[in-house]
Structure formats: structure tokens, C-alpha cells
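K.L.:
The following block contains the structure, expressed as C-alpha cells.
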Amino acid sequence: MTLPEFFGCTFIAFGPPFALFVFTIANDPVRIIILIAAAFFWLLSLLISSLWYALIPLKEFLAFGVVFSVCFQEGFRYIIYRILRSTEQGLHAVAEDTRVTDNKHILAYVSGLGFGIISGMFALVNVLADMSGPGTMGLKGGTELFFVTSAAQALSIILLHTFWSVIFFNAFDTNNYIHIGYVVGSHLFVSLITLLNANELYTTTLLINYLVTILTGVLAFRVAGGTSRSFRKFITCQ
Amino acid sequence: MAAVNLQASCSSGLASEDDANVGSQIGEAERLERPPRRQQPRNNYGSSNQDQPDAAILAVPNVVMREPSGPRSSRLPGGGGGGASGELEEEQGLKYGAQHVIKLFVPVSLCMLVVVATINSISFYNSTDVYLLYTPFHEQSPEPSVKFWSALANSLILMSVVVVMTFLLIVLYKKRCYRIIHGWLILSSFMLLFIFTYLYLEELLRAYNIPMDYPTALLIMWNFGVVGMMSIHWQGPLRLQQGYLIFVAALMALVFIKYLPEWTAWAVLAAISIWDLIAVLSPRGPLRILVETAQERNEQIFPALIYSSTVVYALVNTVTPQQSQATASSSPSSSNSTTTTRATQNSLASPEAAAASGLRTGNSHPRQNQRDDGSVLATEGMPLVTFKSNLRGNAEAAGFTQEWSANLSERVARRQIEVQSTQSGNAQRSNEYRTVTAPDQNHPDGQEERGIKLGLGDFIFYSVLVGKASSYGDWTTTIACFVAILIGLCLTLLLLAIWRKALPALPISITFGLIFCFATSAVVKPFMEDLSAKQVFI
């Protein structure tokens with residue numbers, strides 16, 4: 001049972017991001033490089049937040065570390081925004097597919113996906129390694145939903161990071177402070193809500209997080225220029 | 001051991017006239033790149049080769065330019081001012097650069113994947129019980145200081161072996177003892193492909209508890225090994241050769257992980273990246289001498305030592321013996337003979353190919369070659385490209401070519417003065433032509449001149465780092481190392497695009513990798529474990 005669970009959870013968490021990667025990123029070398037660079041920046045933010053977590057004497061309160069980690073991540077999102085915008089002309093020259101720079105949302109999307117994938121991986125990869133056996137959760141205490149909810153949460157975080165980056169980059173381009181506030185606020189909110197997972201309130205946290213994910217997705221869709229009409233056209237393949 | 005060598009090509013730079021046009025429009029990347037570009041010919045070992053074809057061309061700067069620049073600027077909209085074709089050309093270089101970064105990412109990732117998968121599934125490679133001869137101290141004392149000293153001593157011994165071997169190789173190469181070198185390489189790849197592969201197969205079967213009889217195992221080993229020897233040392237499909245090289249590198253990395261004591265492995269990684277820095281960059285560094293000598297002799301470096309992203313089989317090598325002597329004896333910048341071609345810039349200058357002179361298109365009769373052949377384009381550098389425009393029905397260019405070939409000698413004489421005065425301009429100019437024409441060919445061979453080579457040693461030590469990190473059982477450390485190494489490789493390739501000379505690929509990547517490995521396992525891991533135990537997502 002452990003191996004099917006491993007594959008199931010892997011595909012839940014990384015199936016959609018993998019599909020996004022294959023269909024939108026993998027064909028363009030520049031996008032792959034930006035994706036990896038974004039992942040690297042997320043790693044740096046994680047490094048700083050764990051240094052912070054290790055140095056301050058408040059280890060009992062995970063919430064404290066979470067808040068600072070969210071702040072550092074958003075800070076690094078801003079840094080990568082600055083870097084991408086300042087190298088945009090260079091990128092334009094380099095990019096084979098000029099859409100990368102013609103449509104500003106692509107850069108945002110790619111770096112967001114990089115953030116999301118690496119964050120999802122870091123959150124889940126050791127859990128997945130434990131999942132593949134020989135033991136499993138739920139036989140002696142604990143809940144057997146542990147793995148599935150972890151995978152579902154990881155998926156929501158990956159998608160959220162992608163949406164957040166799209167909104168965030170556009171917000172800085174248009175000086176839309178409400179959107180910036182929304183990104184930071186909803187990131188904090190989602191991360192703090194997951195603190196309830198420790199009490200096994202999975203329905204609440206999953207429902208709320210997926211609600212936020214859908215809301216953020218809709219917002220990102222609108223920011224990227226989508227309307228309900230274009231969505232309908234997309235659904236009906238016109 | 002560890003030189004990355006951007007083959008050539010990547011178009012170097014802006015012709016001086018174009019600077020004014022380019023001005024403000026170019027992005028920072030280009031701006032960064034320009035100053036080094038000016039000194040390029042001095043840094044470039046192959047400059048003697050590169051200057052030649054250009055020399056002939058530069059004499060007539062404006063003729064060919066006109067036609068190609070039109071369609072090109074529409075092809076790359078917003079390249080920042082269509083007139084600035086130097087810029088276009090630079091974009092091309094970086095563009096292919098980006099492609100080649102990926103072409104290296106894939107094999108490096110595959111090699112690491114093989115090593116990490118092996119480490120995690122076959123416990124044999126995870127524990128050290130037998131030691132290499134070179135590491136006499138076995139780190140069995142529990143005291144950290146003793147471990148530290150024994151790791152240091154071990155790595156110093158190992159490094160001195162590496163240094164001696166490298167110098168031996170250089171001396172043999174300088175003395176043209178090719179047979180000895182080939183024998184040496186064949187012997188070592190024979191050992192890897194047969195003995196170590198057999199060990200690997202045995203442990204693999206044991207780990208998965210699969211019974212296999214000796215005849216079958218021998219048959220598999222024989223086929224695998226012989227095909228490998230053939231494709232590495234003789235010829236074979238490019239993919240197959242690359243696959244074998246990756247496997248050999250992974251196997252070697254596994255050997256290091258298995259037989260080096262734990263802290264010695266880390267110390268060796270640090271030491272080898274420093275050695276790499278010295279060997280490639282210092283003026284008398286052995287690897288630098290190797291690369292230089294190979295370029296002077298218009299040869300490839302041995303395929304068993306280098307992974308190259310592309311191979312050009314149909315090679316043109318028009319260097320006559322006395323010319324190669326001339327280039328060998330004189331300093332690169334002073335030799336101006338016209339017939340040296342860009343053959344060095346291709347990944348594979350195999351003797352057979354040179355003999356296959358059906359493709360030989362010496363500068364003396366460029367018009368006889370009517371092939372629209374990318375490999376020829378790749379090898380020939382300038383003259384052929386002007387020729388291409390001829391093929392495309394550019395009457396002006398055709399006239400130019402005729403005139404050009406008729407007045408070749410005169411031009412050369414004139415050029416020799418110009419070459420010396422405006423060398424950087426020449427190199428840039430010629431590349432401009434070439435890259436301007438290349439995209440119109442629209443077939444993949446056109447890119448073959450732009451192969452990147454990465455020493456197998458780099459593969460090995462990247463994989464050692466990642467494999468060692470994964471042997472502690474923490475996947476986040478492995479991923480962090482992987483990302484850090486790829487970013488380091490990216491930065492190295494960026495520097496390569498800026499400096500255009502052979503660069504050591506290990507220092508940046510290994511430094512990043514080591515930092516992230518230790519930082520992740522010491523600092524990040526506890527934090528992430530707390531988070532994932534409580535299912536908190538950040």
C-alpha cells in the first residue's frame with residue numbers, strides 16, 4: 001500500500017506543476033534558466049529564514065518562524081522582480097521566443113512557478129521519501145490522512161506561488177498597492193492557517209486554502225488580462 | 001580535467017562602427033559584456049585561426065551586410081534598433097548560449113540522477129569499508145581534529161596524484177605521444193566499462209535480488225563494454241557516445257563516493273576546485289596549456305575526457321604542416337597566414353574527417369563548394385558565409401565573392417596591416433557576418449559550430465557532491481545542492497560568454513554546492529522538519 005500511496009501523493013502534488021513545466025517552460029531555454037534562478041532565490045530566502053529561526057530563541061513558537069519566513073520570501077520575490085525587470089532588455093535580446101519579454105506576465109509566471117515548485121519540493125520531498133515505505137501513517141496513532149493532505153496542501157502552495165508572482169509583478173509595474181498587500185496578506189494568511197494542521201483540522205485548512213487558491217487564481221487571471229468572456233471562449237475551445 | 005570551452009563562435013561582439021548605433025538600446029547584459037570584448041583577441045588562444053577568414057572579408061565591409069540586415073531586423077523585432085547588426089549578432093551568441101546552457105544542464109542532471117538513484121537504492125555504494133591506495137588515513141578516530149587532519153592529508157595526497165598525472169598528460173601531449181595517451185585513456189575506460197560496470201551490475205542485481213547466470217551477465221557485459229569502447233574512442237552515434245560518457249562519469253563518481261572516507265571526499269571537492277582554478281586560469285596552468293596546444297594543433301581534446309554537446313563529423317581541416325608549425329611556434333596574434341581555418345572550433349577534428357576532403361573548401365577556391373551544408377559553414381568561418389548569401393541569389397554578394405577571390409592575395413597583404421591594427425574589430429566583424437547569415441539557413445547544423453565542452457571531471461565532481469549529499473538521506477539537501485550546482489554552472493557559462501576563453505567549471509558550482517549542502521543540512525533541515533512534521537506550509 002505504501003508504494004501506490006507514494007505515487008498517488010507525488011502525482012497529486014507535482015502532477016499539475018509538471019504539466020505546466022512540460023507544456024509552457026521546457027521548450028524555451030531562457031524560461032528554464034529563469035525557473036532555476038527563481039528556485040535558487042527561494043532557497044536563499046529559506047536559508048535566511050531558517051538562519052533566523054535557528055538564531056532567535058523562540059523555537060517553541062513555529063508561528064514566529066513562519067511569519068518571518070513569509071516576509072523573507074516576499075522580499076526575495078521583490079528582489080527577483082527587480083532583477084528580472086532590470087535585465088529585461090538583455091533577456092529580450094537573448095530570448096529566442098520574444099514572447100518572454102513582450103508579455104510581461106510570462107516572466108512573472110515562470111519565476112512564480114520556480115518559487116512554487118522548489119517550495120513544494122522542500123515541503124514534501126522528505127515526506128514522500130518516508131511515504132514509500134516500509135512504514136505508513138495511521139496504523140498506530142496519527143491519522144492516515146496525513147500524507148494526502150500534505151500533498152494537497154503542497155499543490156495549493158505551488159499554484160499559489162505562481163498566482164502570487166503574476167499578481168505581485170503586475171502590482172509593482174502598475175503601482176497597485178492593494179494587490180501587493182493582498183499577496184503578502186494572503187501568503188501570511190495561508191501559512192498561518194496551515195498551523196491548524198497540527199490539530200488535524202484538515203477540512204477547515206484545506207477548504208480555506210483552496211478557496212484562497214481559487215480566489216488568487218481568478219485575480220491572477222484578471223490581472224493577466226483575462227475576462228469571463230475569454231474564459232468561456234477557452235472552455236468552449238473557440 | 002575541468003575546462004569548459006565555449007566553442008568559438010559565439011559571435012564576439014560589436015564592430016566599432018556600430019557602437020554608436022547600439023548605444024542606449026542594449027540591455028545590461030550586453031553592456032556588461034562589451035568592455036572585455038575589446039581585449040578578446042589577446043585572451044583568445046585561437047586568435048590566429050580566427051583572424052584569418054575575417055581578414056579577407058573585412059576589406060569589403062559594406063557589401064554583404066546590406067542585404068542580410070533587412071530581413072534580420074524584422075525577424076528579431078525590437079532587438080533594439082534594427083540597424084545595429086553587431087547587437088543582433090551578440091543576441092545570437094547569447095541566444096545560442098542559453099540553448100547550450102540547457103544542453104549542459106540535461107547531461108549534468110542525468111549524471112547526478114544516476115548517481116543519486118544508485119546511492120539511494122544500492123546500499124553498497126553508501127558505506128566505505130575498502131579504501132583507495134591514495135587515502136592511507138581512514139578517519140576511524142572519533143576525534144574531529146584527527147579526522148580533520150587525516151582528511152587534509154588524504155586530500156593532499158590525492159591532489160598531488162592528480163597534479164602529477166595532469167602534468168604527465170601535458171608532457172605526453174606536448175611531445176605528441178598520442179599513442180601512449182590513447183593507450184592510457186583506452187585502458188582506463190576499459191577498466192570503467194568492464195570491471196567497474198561489472199561490479200555495478202553485480203550490486204544492482206544483489207540490491208534488487210535478481211538472480212542471473214554468468215553467461216548472461218558476461219554477454220551483457222561484453223556487448224555493453226565493446227559498444228562503449230567503440231563509441232567513445234572510435235565512432236558511433238552522438239547520443240550513444242554522450243550516454244556512455246555520462247555513465248562513465250557517474251560510475252567514476254560512485255567509485256569516489258564509495259572508496260573515499262567521508263571527510264576526505266569533502267576536502268577533495270574543495271581542493272579539486274581550487275586546483276581547477278589554478279590549472280585553467282594561471283598562465284602556465286596545465287589545462288590551459290592543454291587547451292592552447294589543442295587549438296594550435298587544430299585538434300580536439302580526447303573524446304574520452306570531454307563531453308561535448310555537439311559533434312561535427314564532416315570537418316574541414318586545411319592546415320598544412322608548415323602552417324601548423326608556424327602557429328605552434330609563433331605567438332597567436334602574430335601569425336597571419338590565410339589558410340588557417342576555424343577547424344579548432346569544432347568539437348571533433350577527427351583525422352578521418354580531415355581526410356574526407358570532399359568537403360574541403362580552402363580559401364583559395366571558395367566558389368566550387370556549392371553545398372548548403374551546415375557543417376561546412378561551421379568549419380569554414382567567413383568565406384563560406386559570404387558564399388551563402390551568394391546562394392541566396394544576392395547578386396551583389398556574388399559579385400563580391402568573385403572579386404574577392406580574384407583579389408585575394410592583394411587583399412591579404414592589405415589586411416595584414418589592418419589585422420594588426422584593428423584586431424578586435426576584425427574578429428567581431430567576421431562573426432557578425434557569420435551569425436547574421438546563419439539563422440537564414442534554418443537547419444540545425446548551423447548551430448554545430450557553437451558546441452560547449454565540459455570536462456568529464458566536472459561531471460564526476462558535481463555528481464560526487466550531489467551523491468555525497470544524498471547519502472545522508474535528506475532529500476532537501478540533495479535538491480539544494482542540485483539547484484546550487486546548476487546555478488553555478490549557469491554563472492560559469494555566463495562568464496564564459498563574457499570572457500570567451502576556457503574557464504574552470506568547478507570552482508563556482510562546487511563552492512555554491514558546498515555552501516548549500518552544509519547550510520541546508522545544518523540550518524534548513526531542522527526548520528523544514530519542524531514544518532513538515534506539523535504540516536505547516538510556508
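Identifiers for the C-alpha cells are assigned positionally: chains receive A, B, ... in sequence, residues are indexed from 1 per chain, and ligands are indexed from 1 in the order shown.
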Which neighbours of Val248 of chain B fall inside 10 Å, counting only C-alpha atoms, when residues of the same chain fewer than 5 positions from it are skipped, and could you give them as a ChimeraX atom specification?
P.N.:
/B:111,189,192-193,196-197,228,242-243,253-254,304,456,459-460
K.L.:
Please produce a file of the residues just selected, as a PDB file, in the first residue's frame, where the atoms kept are C-alpha atoms.
P.N.:
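The file below, result_22.pdb, is the result:
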ATOM      1  CA  CYS B 111      24.621  12.090 -14.411  1.00  0.00           C
ATOM      2  CA  SER B 189      37.859   3.481 -19.967  1.00  0.00           C
ATOM      3  CA  LEU B 192      35.489   1.535 -16.101  1.00  0.00           C
ATOM      4  CA  LEU B 193      33.391  -0.054 -18.796  1.00  0.00           C
ATOM      5  CA  PHE B 196      33.513  -1.304 -12.589  1.00  0.00           C
ATOM      6  CA  THR B 197      30.425  -1.849 -14.663  1.00  0.00           C
ATOM      7  CA  GLY B 228      31.040   1.719 -25.217  1.00  0.00           C
ATOM      8  CA  GLN B 242      27.143  11.083 -24.765  1.00  0.00           C
ATOM      9  CA  GLY B 243      25.235   8.410 -22.929  1.00  0.00           C
ATOM     10  CA  ALA B 253      31.702   9.431  -9.137  1.00  0.00           C
ATOM     11  CA  LEU B 254      30.256   6.336  -7.467  1.00  0.00           C
ATOM     12  CA  ALA B 304      37.246  10.255 -23.573  1.00  0.00           C
ATOM     13  CA  LEU B 456      34.170  14.769 -17.674  1.00  0.00           C
ATOM     14  CA  PHE B 459      30.545  15.782 -14.285  1.00  0.00           C
ATOM     15  CA  ILE B 460      32.298  13.485 -11.862  1.00  0.00           C
TER      16      ILE B 460
END
K.L.:
Taking only C-alpha atoms into account and nothing else, which residues of chain A lie no more than 6 Å away from chain B? Please answer as a list of chain:residue names.
P.N.:
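Listing them in order of chain and number gives A:Pro29, A:Ser50, A:Gln89, A:Gly90, A:Ala93, A:Val94, A:Phe122, A:Asn126, A:Ser191, A:Thr194, A:Leu195, A:Asn197, A:Ala198.
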K.L.:
Go ahead and write the residues just picked, N, CA and C atoms, as a compact mmCIF listing (two decimals), in the first residue's frame.
P.N.:
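And here is the file that came out, selection38.txt:
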# COMPACT_ATOMS: atom_id res chain seq x y z
N PRO A 29 14.76 27.56 -23.50
CA PRO A 29 15.91 27.54 -22.58
C PRO A 29 15.91 28.69 -21.60
N SER A 50 15.63 30.25 7.85
CA SER A 50 15.99 29.22 8.83
C SER A 50 17.14 29.66 9.71
N GLN A 89 15.76 43.97 -20.94
CA GLN A 89 16.20 44.24 -22.32
C GLN A 89 17.23 43.21 -22.75
N GLY A 90 18.11 42.87 -21.81
CA GLY A 90 19.08 41.83 -22.13
C GLY A 90 18.38 40.53 -22.44
N ALA A 93 16.95 40.40 -25.79
CA ALA A 93 17.92 40.09 -26.82
C ALA A 93 18.23 38.60 -26.83
N VAL A 94 18.28 38.01 -25.65
CA VAL A 94 18.69 36.62 -25.56
C VAL A 94 17.59 35.67 -25.98
N PHE A 122 10.51 21.26 -1.24
CA PHE A 122 11.11 21.27 0.08
C PHE A 122 10.10 20.86 1.14
N ASN A 126 10.74 15.09 1.70
CA ASN A 126 11.10 14.14 2.74
C ASN A 126 9.90 13.32 3.19
N SER A 191 -0.28 30.62 5.22
CA SER A 191 0.74 29.93 6.02
C SER A 191 0.29 29.77 7.47
N THR A 194 -2.30 27.06 7.95
CA THR A 194 -1.80 25.69 7.97
C THR A 194 -1.27 25.30 9.35
N LEU A 195 -1.08 26.28 10.23
CA LEU A 195 -0.70 25.92 11.60
C LEU A 195 -1.77 25.05 12.25
N ASN A 197 -3.15 22.62 10.98
CA ASN A 197 -2.98 21.22 10.59
C ASN A 197 -2.47 20.38 11.75
N ALA A 198 -1.69 21.01 12.62
CA ALA A 198 -1.16 20.27 13.76
C ALA A 198 -2.28 19.71 14.62
K.L.:
Set the distance at 12 Å and use only C-alpha atoms: which residues neighbour Phe41 of chain A once local chain neighbours fewer than 3 positions away are removed? I'd like the list as JSON, numbers by chain.
P.N.:
{"A": [34, 35, 36, 37, 38, 44, 45, 46, 47, 48, 72, 73, 74, 75, 76, 77, 78, 79, 80, 81, 83, 111, 112, 114, 115, 116, 118, 119], "B": [480, 483, 484, 487]}
K.L.:
Between atom CA of Met191 of chain B and atom CA of Asn298 of chain B, what distance in Å does the model show, to one decimal?
P.N.:
29.5 Å
K.L.:
Mind checking which residues fall within 9 Å of segment 264-267 of chain B, counting only C-alpha atoms, ignoring those fewer than 2 positions away in the same chain, and posting them as a PyMOL selection string?
P.N.:
chain B and resi 135+138-139+147-148+150-156+256-257+260-262+269-272+464-465+468+514
K.L.:
Give me, please, the distance in Å between atom CA of Asn199 of chain A and atom CA of Trp42 of chain A, quoted to one decimal.
P.N.:
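Distance reported for this atom pair: 28.1 Å.
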K.L.:
If we count only C-alpha atoms, what is near segment 201-204 of chain A at a cut-off of 10 Å, once residues fewer than 3 positions away on the same chain are taken out, given as a list in words?
P.N.:
Leu145, Phe146, Thr149, Ser150, Gln153, Ile193, Thr194, Leu195, Leu196, Asn197, Ala198, Leu207, Ile208 and Asn209 of chain A
K.L.:
Set the distance at 7 Å and use only C-alpha atoms: which residues neighbour Thr216 of chain A once local chain neighbours fewer than 4 positions away are removed? I'd like the list as a PDB file with N, CA and C atoms, in the first residue's frame.
P.N.:
ATOM      1  N   PHE A 163       0.446  32.134  -8.854  1.00  0.00           N
ATOM      2  CA  PHE A 163      -0.511  33.234  -8.959  1.00  0.00           C
ATOM      3  C   PHE A 163       0.034  34.483  -8.289  1.00  0.00           C
ATOM      4  N   VAL A 212      -8.836  30.232  -1.055  1.00  0.00           N
ATOM      5  CA  VAL A 212      -7.873  31.319  -1.327  1.00  0.00           C
ATOM      6  C   VAL A 212      -7.162  31.078  -2.653  1.00  0.00           C
ATOM      7  N   ALA A 220      -5.341  36.525 -10.498  1.00  0.00           N
ATOM      8  CA  ALA A 220      -4.187  36.474 -11.402  1.00  0.00           C
ATOM      9  C   ALA A 220      -4.654  36.428 -12.845  1.00  0.00           C
TER      10      ALA A 220
END
K.L.:
Calculate how many Å separate atom CA of Phe68 of chain A from atom CA of Tyr210 of chain A, rounding to one decimal.
P.N.:
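It comes out at 23.0 Å.
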K.L.:
Could you pull the residues within 12 Å of Gly15 of chain A, counting only C-alpha atoms, minus those fewer than 5 positions along the same chain, as a PyMOL selection string?
P.N.:
chain A and resi 7-10+20-22+117+120+151-152+154-155+158-159
